[in-house]
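Structure file start.txt (compact mmCIF, C-alpha atoms) follows.
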# COMPACT_ATOMS: atom_id res chain seq x y z
CA MET G 1 -15.88 -17.87 0.41
CA LYS G 2 -14.65 -14.32 0.74
CA GLU G 3 -14.59 -11.87 3.63
CA THR G 4 -14.37 -8.10 3.56
CA VAL G 5 -11.60 -6.51 5.63
CA THR G 6 -12.20 -3.09 7.17
CA THR G 7 -10.21 -0.98 9.61
CA GLU G 8 -10.47 2.58 10.86
CA ASN G 9 -6.65 2.61 11.19
CA ALA G 10 -6.34 3.13 7.43
CA PRO G 11 -8.26 5.41 5.08
CA GLY G 12 -11.68 4.11 4.12
CA ALA G 13 -12.52 3.25 0.55
CA ILE G 14 -13.37 6.33 -1.52
CA GLY G 15 -15.42 4.35 -4.01
CA PRO G 16 -17.35 1.10 -4.47
CA TYR G 17 -14.59 -1.22 -3.26
CA SER G 18 -13.22 -2.70 -0.02
CA GLN G 19 -9.95 -1.98 1.76
CA ALA G 20 -9.16 -5.66 1.32
CA ILE G 21 -10.74 -9.04 0.68
CA LYS G 22 -9.72 -12.33 2.31
CA ALA G 23 -10.20 -15.35 0.07
CA GLY G 24 -8.50 -18.70 -0.41
CA GLY G 25 -5.90 -18.14 2.32
CA MET G 26 -4.86 -14.83 0.76
CA VAL G 27 -5.52 -11.15 1.37
CA PHE G 28 -6.01 -8.86 -1.62
CA CYS G 29 -5.45 -5.25 -0.56
CA SER G 30 -6.81 -2.39 -2.62
CA GLY G 31 -4.40 0.36 -3.52
CA GLN G 32 -3.59 2.72 -0.67
CA ILE G 33 -2.75 6.37 -1.13
CA PRO G 34 -0.92 8.62 1.39
CA ILE G 35 -3.92 9.70 3.44
CA ASP G 36 -3.48 10.04 7.19
CA PRO G 37 -6.56 8.22 8.55
CA ALA G 38 -6.72 10.62 11.52
CA THR G 39 -7.04 13.74 9.36
CA GLY G 40 -8.28 12.46 6.01
CA GLU G 41 -5.55 14.52 4.34
CA PHE G 42 -2.29 13.71 2.59
CA VAL G 43 0.67 13.53 4.96
CA SER G 44 2.88 15.45 2.56
CA HIS G 45 3.55 16.17 -1.09
CA ILE G 46 7.02 14.58 -0.86
CA VAL G 47 7.21 11.16 -2.52
CA GLY G 48 9.24 9.51 0.24
CA GLU G 49 6.82 10.66 2.96
CA GLN G 50 3.85 9.62 0.83
CA THR G 51 5.39 6.18 0.30
CA GLU G 52 5.89 5.75 4.04
CA GLN G 53 2.25 6.61 4.78
CA VAL G 54 1.01 4.32 2.01
CA LEU G 55 2.96 1.40 3.47
CA LYS G 56 1.76 2.21 7.01
CA ASN G 57 -1.80 2.18 5.69
CA LEU G 58 -1.23 -1.17 3.95
CA SER G 59 0.26 -2.56 7.15
CA GLU G 60 -2.86 -1.55 9.10
CA VAL G 61 -5.15 -3.20 6.54
CA LEU G 62 -3.06 -6.38 6.66
CA THR G 63 -3.13 -6.37 10.47
CA ALA G 64 -6.92 -6.09 10.38
CA ALA G 65 -6.94 -9.10 8.05
CA GLY G 66 -4.80 -11.14 10.45
CA THR G 67 -1.48 -10.96 8.62
CA SER G 68 1.37 -8.50 8.05
CA LEU G 69 3.81 -7.02 5.57
CA ASP G 70 6.03 -10.05 6.29
CA ASN G 71 3.52 -12.23 4.41
CA VAL G 72 3.19 -10.01 1.33
CA VAL G 73 3.93 -11.98 -1.83
CA LYS G 74 3.24 -9.31 -4.50
CA THR G 75 2.88 -5.55 -4.69
CA THR G 76 2.08 -3.16 -7.47
CA VAL G 77 3.43 0.37 -7.12
CA PHE G 78 1.82 3.13 -9.14
CA LEU G 79 3.81 6.34 -9.51
CA ALA G 80 2.58 9.60 -10.95
CA ASP G 81 6.12 10.19 -12.21
CA MET G 82 8.69 7.44 -12.79
CA ASN G 83 11.38 10.00 -11.95
CA ASP G 84 10.30 9.45 -8.31
CA PHE G 85 11.27 5.76 -8.46
CA VAL G 86 14.56 6.08 -6.55
CA GLU G 87 12.98 8.03 -3.66
CA MET G 88 10.00 5.65 -3.45
CA ASN G 89 12.28 2.60 -3.65
CA GLU G 90 14.49 3.81 -0.80
CA VAL G 91 11.49 4.01 1.56
CA TYR G 92 9.91 0.83 0.20
CA SER G 93 13.13 -1.11 0.88
CA ARG G 94 12.96 -0.22 4.59
CA PHE G 95 9.54 -1.88 4.88
CA PHE G 96 10.59 -4.97 2.90
CA SER G 97 14.23 -5.42 3.93
CA ASP G 98 13.98 -9.14 4.77
CA ASN G 99 10.82 -10.02 2.85
CA LYS G 100 11.21 -8.94 -0.75
CA PRO G 101 7.90 -9.68 -2.48
CA ALA G 102 7.45 -9.77 -6.23
CA ARG G 103 6.69 -6.28 -7.51
CA ALA G 104 5.64 -4.32 -10.54
CA THR G 105 6.11 -0.55 -10.72
CA VAL G 106 4.29 1.50 -13.31
CA GLN G 107 3.77 5.15 -14.07
CA ALA G 108 0.09 6.08 -14.06
CA ALA G 109 -1.32 9.06 -15.93
CA ARG G 110 -3.09 10.19 -12.76
CA LEU G 111 -3.68 8.71 -9.29
CA PRO G 112 -6.63 9.28 -6.92
CA ARG G 113 -6.62 12.76 -5.37
CA ASP G 114 -3.43 13.45 -7.36
CA ALA G 115 -1.31 11.26 -5.10
CA LYS G 116 2.29 10.74 -6.16
CA VAL G 117 2.25 7.05 -5.13
CA GLU G 118 -0.29 4.27 -4.66
CA ILE G 119 0.51 0.68 -3.67
CA GLU G 120 -1.64 -2.45 -3.69
CA ALA G 121 -0.62 -5.79 -2.16
CA ILE G 122 -1.40 -9.48 -2.03
CA ALA G 123 -0.45 -11.39 1.10
CA MET G 124 -0.80 -14.85 2.61
CA LEU G 125 -2.97 -15.15 5.69
CA ASN G 126 -0.32 -17.19 7.45
CA ASP G 127 3.30 -18.07 6.85
CA GLU G 128 3.02 -21.11 4.62
CA GLY G 129 6.66 -21.01 3.57
Output the file's structure in the form of structure tokens.
Amino acid sequence: MKETVTTENAPGAIGPYSQAIKAGGMVFCSGQIPIDPATGEFVSHIVGEQTEQVLKNLSEVLTAAGTSLDNVVKTTVFLADMNDFVEMNEVYSRFFSDNKPARATVQAARLPRDAKVEIEAIAMLNDEG
């Protein structure tokens, strides 16, 4: 059985997909881009600030699902330019200082709305060790 996760505290889906799906004790979060849910606009064009907003958005989706960034087991980071890796990684490390999930980082030819960063995540619904 699967359940759709929705929150107004993160940007809504801009296509035929859900913010997240709960299934099998896990939460599968769609990629988030740096949209401020209050304004519907990007927070900035600076990679570090975009990364921070993306992770705040992911955190809100996970909270709506009943879990948190602490239970993330895997992320995928998409960068428009791999030269932004160091700046993205510095911000990312603040959100995952104790919990370091598995991660892949790839450069994408183009991200939605020309974002510089997009991050998707998979998390456990509860701390199962």
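Proximity to Lys74 in chain G at 9 Å, evaluated using only C-alpha atoms and with sequence-adjacent residues fewer than 6 positions away removed, yields Lys100, Pro101, Ala102, Arg103, Ala104, Glu120, Ala121, Ile122 and Ala123 of chain G.
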Spatial neighbours of Phe96 in chain G, 12 Å, all atoms listed in the file, chain gap at least 2 places, as number ranges by chain: G: 52, 55, 59, 68-75, 89-94, 98-103
Per residue of range 5-69 of chain G within 6 Å of range 115-119 of chain G, which atom pair is closest and at what distance in Å (one decimal), using all atoms listed in the file, listed by chain and increasing number, as a tab-separated table?
residue	atom	partner	partner_atom	distance
G:Gly31	CA	G:Ile119	CA	4.9
G:Gln32	CA	G:Glu118	CA	5.4
G:Ile33	CA	G:Glu118	CA	4.8
Counting only C-alpha atoms, the residue of G:Val61, G:Ala108, G:Ala80, G:Ala10 that sits nearest Phe28 in chain G: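 Closest candidate: G:Val61.
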Val43 in chain G environment, 12 Å, only C-alpha atoms, sequence neighbours closer than 2 positions dropped, as a PyMOL selection string: chain G and resi 33-41+45-54+56-57+115-116
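In this structure, CA of Thr6 in chain G sits 13.4 Å away from CA of Thr67 in chain G.
Between CA of Gln107 in chain G and CA of Phe78 in chain G there is a distance of 5.7 Å.
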Among listed residues G:Val77, G:Phe42, G:Ser30, G:Ala23, nearest Met1 in chain G (using only C-alpha atoms):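 Of G:Val77, G:Phe42, G:Ser30, G:Ala23, the one nearest Met1 in chain G is G:Ala23, counting only C-alpha atoms.
Between CA of Cys29 in chain G and CA of Lys2 in chain G lies a distance of 13.0 Å.
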Among the residues G:Tyr17, G:Glu87, G:Met82, G:Val5, the one that comes closest to Leu58 in chain G [using only C-alpha atoms]: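 For Leu58 in chain G, the nearest of the candidates is G:Val5.
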Pick from G:Ala13, G:Val106, G:Ala65, G:Leu79 nearest to Val27 in chain G, counting all atoms listed in the file: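 Checking each candidate against Val27 in chain G, we get G:Ala65 as the closest.
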